[in-house]
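Trainee: Got a structure for you, questions after.
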Amino acid sequence: MRIMKQFSEKIREINARYAKPKVEMSPVIKFSLTGLRIYLFVLVALLLYKFVTLIPAGK
Amino acid sequence: MDFFSTLYYRTKKILKSLKMYLAIAGPGLVVMIADNDAGGITTYAATGAKYGYHLIWFLLILIPVAYYVQEMTVRLGAVTKRGHAEAIFESFGAFWGWFSLLDLMVVDWLTLVTEFVGMTSALNIFGVPPWLTVAGVIGLMGIIVLNGRYWTWEKIALGFCLLNLVYVPAAFMVNPSVKEIIGNGLIPNLPGGLNNDLFFLLMANIGTTIAPWMLFFQQSSVVDKGLHEKDIKMGKADTLFGAVITVAVAIFIVVVTGTLLHGVPIDDAATAARMLMRMNHFTGALLAIGLFDAGLLGAICISLASSWAFGEIFGWAHSLNTNVKQAPWFYASYFLTLITAGIVPLIPGAPLVLITLFVQVVAVTLLPAALVFLILLLNDKKTMGEYANTPIQNWITGGIVVAIIILSTMYGVSAIFPNLFK
């Protein structure tokens, strides 16, 4: 229990430490990160679709 | 007299450069040769068996591709003195940091399972039971890292890299036709046209040459070794040398299976080794030894990549130059990853095929992200200064990254939907 508490505190500390990105958010970086989000969203959606279609097929 | 003095000073200069190179060599060589892991050996064996020497030209193209991607981690590590995970957290914030770290953790663990599968099946050929292989490997890897020095670890890893060269004598033992290798292999061609099978194999070759863990590993390795800006030139030479060796080894494997097993369907390297042993006992034995070594080398590097990344983010001591007392969490995460991955192949009926598929899909999700972050980090002139990417480097690496993103996405999607590109 104490370890879990320490662990969650550590996570919060890391989140606080890296809350603000250090790199200057130029249009190129903003475009790249947005593109990456879309790419990952589409890929995760495809994976979910695959698993949803696999479950009824009983594969 | 002038001639001899010039010769003397030139020789002295070359020897000095060689001495400097030997001091700095390591991260690039180890990461590149470890790239020929158990999965890689299977891919190259299957490439030779299916298409003979016809795809050797494609492997040669992978030399500059691997070099340009990996040399960026040398510059980034030497300039920032931070590992790749920490660099992503600091530059792009906690969201992208956690994404990269968790993705790395999953893909590393799954890849580690495939390394153990390769090692157990390789030694099984010589009658070693899988449990003994797993126990022996974990024990050996424990001894390697617990000596408390990066330098010693690196030299042992380089020793295993040398063993990776067993494919060179193996290729000479099968008496390949040099004329056919040059005629069929060096002229770019797509045997049978670009169909689904060929595309899948080409992508598998790219996937084994550039993997997400390699970026994390080499950058952390450069930091742990303590390389500085002045060492970048030699670090890049080390990476180029490693890229040439890794592709050369891949070509020798293709030559072995392309000569003896051309037209025989190959599912894994262990099966290829068994088949080869029936035709030429020593060649098959060398393939099996090489497969074990490849799995071991892959395991040595992949398990470290995760532990280094965790240490960087959680603020734990995370260097091979520390002992267990100084860095308990670093070694705990190392052994936890190793033991849990080693147990999987021992579970009867474990979904090993599904795990291999998952490795491909999850690696695909991390690779484009890791490559995009890498290029963005190398363009941060405030941090990188004179070592930031030049416009020419950006054109080259940008082109490579865009091509890899498109192709690896198609590969990932085709792994999920096998009939999509038929």
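Residues in the structure tokens are named by chain (A, B, ... in the order shown) and by number from 1 within that chain; ligands are numbered from 1 in the order shown.
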Using only C-alpha atoms, find each residue in chain A having at least one atom no more than 7 Å away from chain B; report its shortest atom-to-atom pair and that distance in Å (one decimal), rows by chain then rising number, as a tab-separated table.
Mentor:
residue	atom	partner	partner_atom	distance
A:Asn15	CA	B:Ala94	CA	5.6
A:Tyr18	CA	B:Gly93	CA	5.1
A:Ala19	CA	B:Gly93	CA	5.6
A:Lys20	CA	B:Gly93	CA	5.7
A:Pro21	CA	B:Gly93	CA	4.3
A:Lys22	CA	B:Ser91	CA	4.5
A:Val23	CA	B:Ser91	CA	4.8
A:Leu36	CA	B:Ala369	CA	6.6
A:Leu40	CA	B:Thr365	CA	6.9
Trainee: Would you mind exporting the chosen residues as a CSV table (one decimal), in the first residue's frame, restricted to C-alpha atoms?
Mentor:
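What ended up in part_35.csv:
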chain,number,residue,atom,x,y,z
A,15,ASN,CA,3.9,14.9,-14.6
A,18,TYR,CA,7.5,17.7,-17.5
A,19,ALA,CA,4.1,19.6,-17.6
A,20,LYS,CA,5.5,22.3,-19.9
A,21,PRO,CA,7.2,21.1,-23.1
A,22,LYS,CA,10.6,22.7,-23.4
A,23,VAL,CA,10.8,22.8,-27.2
A,36,LEU,CA,1.1,12.0,-35.0
A,40,LEU,CA,-2.1,7.0,-33.7
Trainee: Please list as a list in words every residue within 7 Å of region 159-173 of chain B, counting only C-alpha atoms and excluding residues in the same chain fewer than 5 positions away.
Mentor: Val30, Ile33, Val249, Phe252, Ile253, Val255, Val256, Thr283, Leu286, Leu287, Gly290, Asp293, Ala294 and Leu297 of chain B
Trainee: Those selected residues, please, written with N, CA and C atoms and delivered as an mmCIF file, in the first residue's frame.
Mentor:
data_model
loop_
_atom_site.group_PDB
_atom_site.id
_atom_site.type_symbol
_atom_site.label_atom_id
_atom_site.label_comp_id
_atom_site.auth_asym_id
_atom_site.auth_seq_id
_atom_site.Cartn_x
_atom_site.Cartn_y
_atom_site.Cartn_z
ATOM 1 N N VAL B 30 27.486 -2.364 -31.369
ATOM 2 C CA VAL B 30 26.631 -3.293 -30.604
ATOM 3 C C VAL B 30 25.172 -3.166 -31.056
ATOM 4 N N ILE B 33 24.701 -4.628 -34.662
ATOM 5 C CA ILE B 33 24.808 -6.088 -34.785
ATOM 6 C C ILE B 33 23.700 -6.773 -33.986
ATOM 7 N N VAL B 249 26.314 -9.313 -42.673
ATOM 8 C CA VAL B 249 25.897 -10.570 -42.031
ATOM 9 C C VAL B 249 24.557 -11.032 -42.626
ATOM 10 N N PHE B 252 25.133 -12.618 -45.949
ATOM 11 C CA PHE B 252 25.705 -13.966 -45.845
ATOM 12 C C PHE B 252 24.620 -14.996 -45.478
ATOM 13 N N ILE B 253 23.663 -14.582 -44.621
ATOM 14 C CA ILE B 253 22.563 -15.505 -44.268
ATOM 15 C C ILE B 253 21.711 -15.792 -45.515
ATOM 16 N N VAL B 255 22.673 -15.672 -48.524
ATOM 17 C CA VAL B 255 23.459 -16.528 -49.425
ATOM 18 C C VAL B 255 23.346 -18.000 -48.992
ATOM 19 N N VAL B 256 23.432 -18.239 -47.667
ATOM 20 C CA VAL B 256 23.345 -19.630 -47.167
ATOM 21 C C VAL B 256 22.008 -20.253 -47.538
ATOM 22 N N THR B 283 27.073 -26.422 -41.563
ATOM 23 C CA THR B 283 26.387 -25.181 -41.924
ATOM 24 C C THR B 283 25.129 -25.003 -41.066
ATOM 25 N N LEU B 286 26.131 -24.089 -37.584
ATOM 26 C CA LEU B 286 26.542 -22.682 -37.493
ATOM 27 C C LEU B 286 25.324 -21.753 -37.496
ATOM 28 N N LEU B 287 24.309 -22.099 -38.309
ATOM 29 C CA LEU B 287 23.090 -21.279 -38.344
ATOM 30 C C LEU B 287 22.402 -21.303 -36.982
ATOM 31 N N GLY B 290 24.472 -19.298 -34.519
ATOM 32 C CA GLY B 290 24.257 -17.878 -34.829
ATOM 33 C C GLY B 290 22.905 -17.399 -34.351
ATOM 34 N N ASP B 293 23.098 -16.902 -30.615
ATOM 35 C CA ASP B 293 23.889 -15.703 -30.336
ATOM 36 C C ASP B 293 23.087 -14.432 -30.642
ATOM 37 N N ALA B 294 22.338 -14.476 -31.765
ATOM 38 C CA ALA B 294 21.540 -13.307 -32.164
ATOM 39 C C ALA B 294 20.468 -13.017 -31.111
ATOM 40 N N LEU B 297 22.214 -11.592 -27.951
ATOM 41 C CA LEU B 297 22.659 -10.212 -28.154
ATOM 42 C C LEU B 297 21.461 -9.252 -28.139
#
Trainee: For Phe292 (chain B), which residue out of B:Phe126, B:Trp151, B:Tyr387, B:Phe200 is the nearest one, using only C-alpha atoms?
Mentor: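 The shortest atom-to-atom distance to Phe292 (chain B) comes from B:Phe126.
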Trainee: Find the distance between CA of Ser17 (chain B) and CA of Leu227 (chain B) and write it in Å to one decimal.
Mentor: 16.0 Å
Trainee: Excluding region 50-57 of chain B and its own-chain neighbours fewer than 6 positions away, which residues fall within 7 Å of it when counting only C-alpha atoms? Please give them as a list in words.
Mentor: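 Once the nearby chain positions are removed, what remains is Ile181, Asn184, Gly185, Leu186, Ile187, Pro188, Asn189, Pro191, Ile251, Val254, Val255, Gly258, Thr259, His262, Gly263, Val264 and Pro265 of chain B.
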Trainee: Would you save the residues of that selection, restricted to N, CA and C atoms, as a PDB file, in the first residue's frame?
Mentor:
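Done, and the output landed in result.pdb:
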ATOM      1  N   ILE B 181      25.372 -14.482 -57.620  1.00  0.00           N
ATOM      2  CA  ILE B 181      25.147 -13.475 -56.567  1.00  0.00           C
ATOM      3  C   ILE B 181      25.229 -12.077 -57.176  1.00  0.00           C
ATOM      4  N   ASN B 184      22.284 -11.795 -60.088  1.00  0.00           N
ATOM      5  CA  ASN B 184      20.898 -11.749 -59.610  1.00  0.00           C
ATOM      6  C   ASN B 184      20.702 -10.795 -58.435  1.00  0.00           C
ATOM      7  N   GLY B 185      21.766 -10.677 -57.619  1.00  0.00           N
ATOM      8  CA  GLY B 185      21.579  -9.960 -56.352  1.00  0.00           C
ATOM      9  C   GLY B 185      21.856  -8.476 -56.383  1.00  0.00           C
ATOM     10  N   LEU B 186      22.797  -8.047 -57.226  1.00  0.00           N
ATOM     11  CA  LEU B 186      23.204  -6.641 -57.146  1.00  0.00           C
ATOM     12  C   LEU B 186      22.424  -5.725 -58.081  1.00  0.00           C
ATOM     13  N   ILE B 187      21.683  -6.315 -59.019  1.00  0.00           N
ATOM     14  CA  ILE B 187      20.868  -5.479 -59.918  1.00  0.00           C
ATOM     15  C   ILE B 187      19.450  -5.412 -59.329  1.00  0.00           C
ATOM     16  N   PRO B 188      18.974  -4.173 -59.028  1.00  0.00           N
ATOM     17  CA  PRO B 188      17.643  -4.061 -58.413  1.00  0.00           C
ATOM     18  C   PRO B 188      16.555  -4.745 -59.249  1.00  0.00           C
ATOM     19  N   ASN B 189      15.833  -5.628 -58.619  1.00  0.00           N
ATOM     20  CA  ASN B 189      14.717  -6.306 -59.299  1.00  0.00           C
ATOM     21  C   ASN B 189      13.711  -6.780 -58.256  1.00  0.00           C
ATOM     22  N   PRO B 191      11.501  -9.877 -57.789  1.00  0.00           N
ATOM     23  CA  PRO B 191      11.158 -11.205 -58.332  1.00  0.00           C
ATOM     24  C   PRO B 191       9.654 -11.483 -58.252  1.00  0.00           C
ATOM     25  N   ILE B 251      23.413 -10.435 -45.565  1.00  0.00           N
ATOM     26  CA  ILE B 251      23.641 -10.942 -46.928  1.00  0.00           C
ATOM     27  C   ILE B 251      24.208 -12.362 -46.884  1.00  0.00           C
ATOM     28  N   VAL B 254      21.410 -14.714 -46.256  1.00  0.00           N
ATOM     29  CA  VAL B 254      20.625 -14.868 -47.487  1.00  0.00           C
ATOM     30  C   VAL B 254      21.354 -15.804 -48.463  1.00  0.00           C
ATOM     31  N   VAL B 255      22.673 -15.672 -48.524  1.00  0.00           N
ATOM     32  CA  VAL B 255      23.459 -16.528 -49.425  1.00  0.00           C
ATOM     33  C   VAL B 255      23.346 -18.000 -48.992  1.00  0.00           C
ATOM     34  N   GLY B 258      19.723 -19.041 -49.566  1.00  0.00           N
ATOM     35  CA  GLY B 258      19.446 -18.891 -50.999  1.00  0.00           C
ATOM     36  C   GLY B 258      20.129 -19.965 -51.824  1.00  0.00           C
ATOM     37  N   THR B 259      21.238 -20.489 -51.317  1.00  0.00           N
ATOM     38  CA  THR B 259      21.968 -21.538 -52.045  1.00  0.00           C
ATOM     39  C   THR B 259      21.370 -22.922 -51.779  1.00  0.00           C
ATOM     40  N   HIS B 262      16.675 -22.641 -51.470  1.00  0.00           N
ATOM     41  CA  HIS B 262      15.877 -21.816 -52.388  1.00  0.00           C
ATOM     42  C   HIS B 262      14.617 -22.572 -52.819  1.00  0.00           C
ATOM     43  N   GLY B 263      13.460 -21.934 -52.569  1.00  0.00           N
ATOM     44  CA  GLY B 263      12.183 -22.541 -52.936  1.00  0.00           C
ATOM     45  C   GLY B 263      11.541 -23.332 -51.815  1.00  0.00           C
ATOM     46  N   VAL B 264      12.246 -23.456 -50.690  1.00  0.00           N
ATOM     47  CA  VAL B 264      11.681 -24.182 -49.543  1.00  0.00           C
ATOM     48  C   VAL B 264      11.016 -23.165 -48.601  1.00  0.00           C
ATOM     49  N   PRO B 265       9.721 -23.348 -48.259  1.00  0.00           N
ATOM     50  CA  PRO B 265       9.094 -22.374 -47.347  1.00  0.00           C
ATOM     51  C   PRO B 265       9.700 -22.453 -45.933  1.00  0.00           C
TER      52      PRO B 265
END
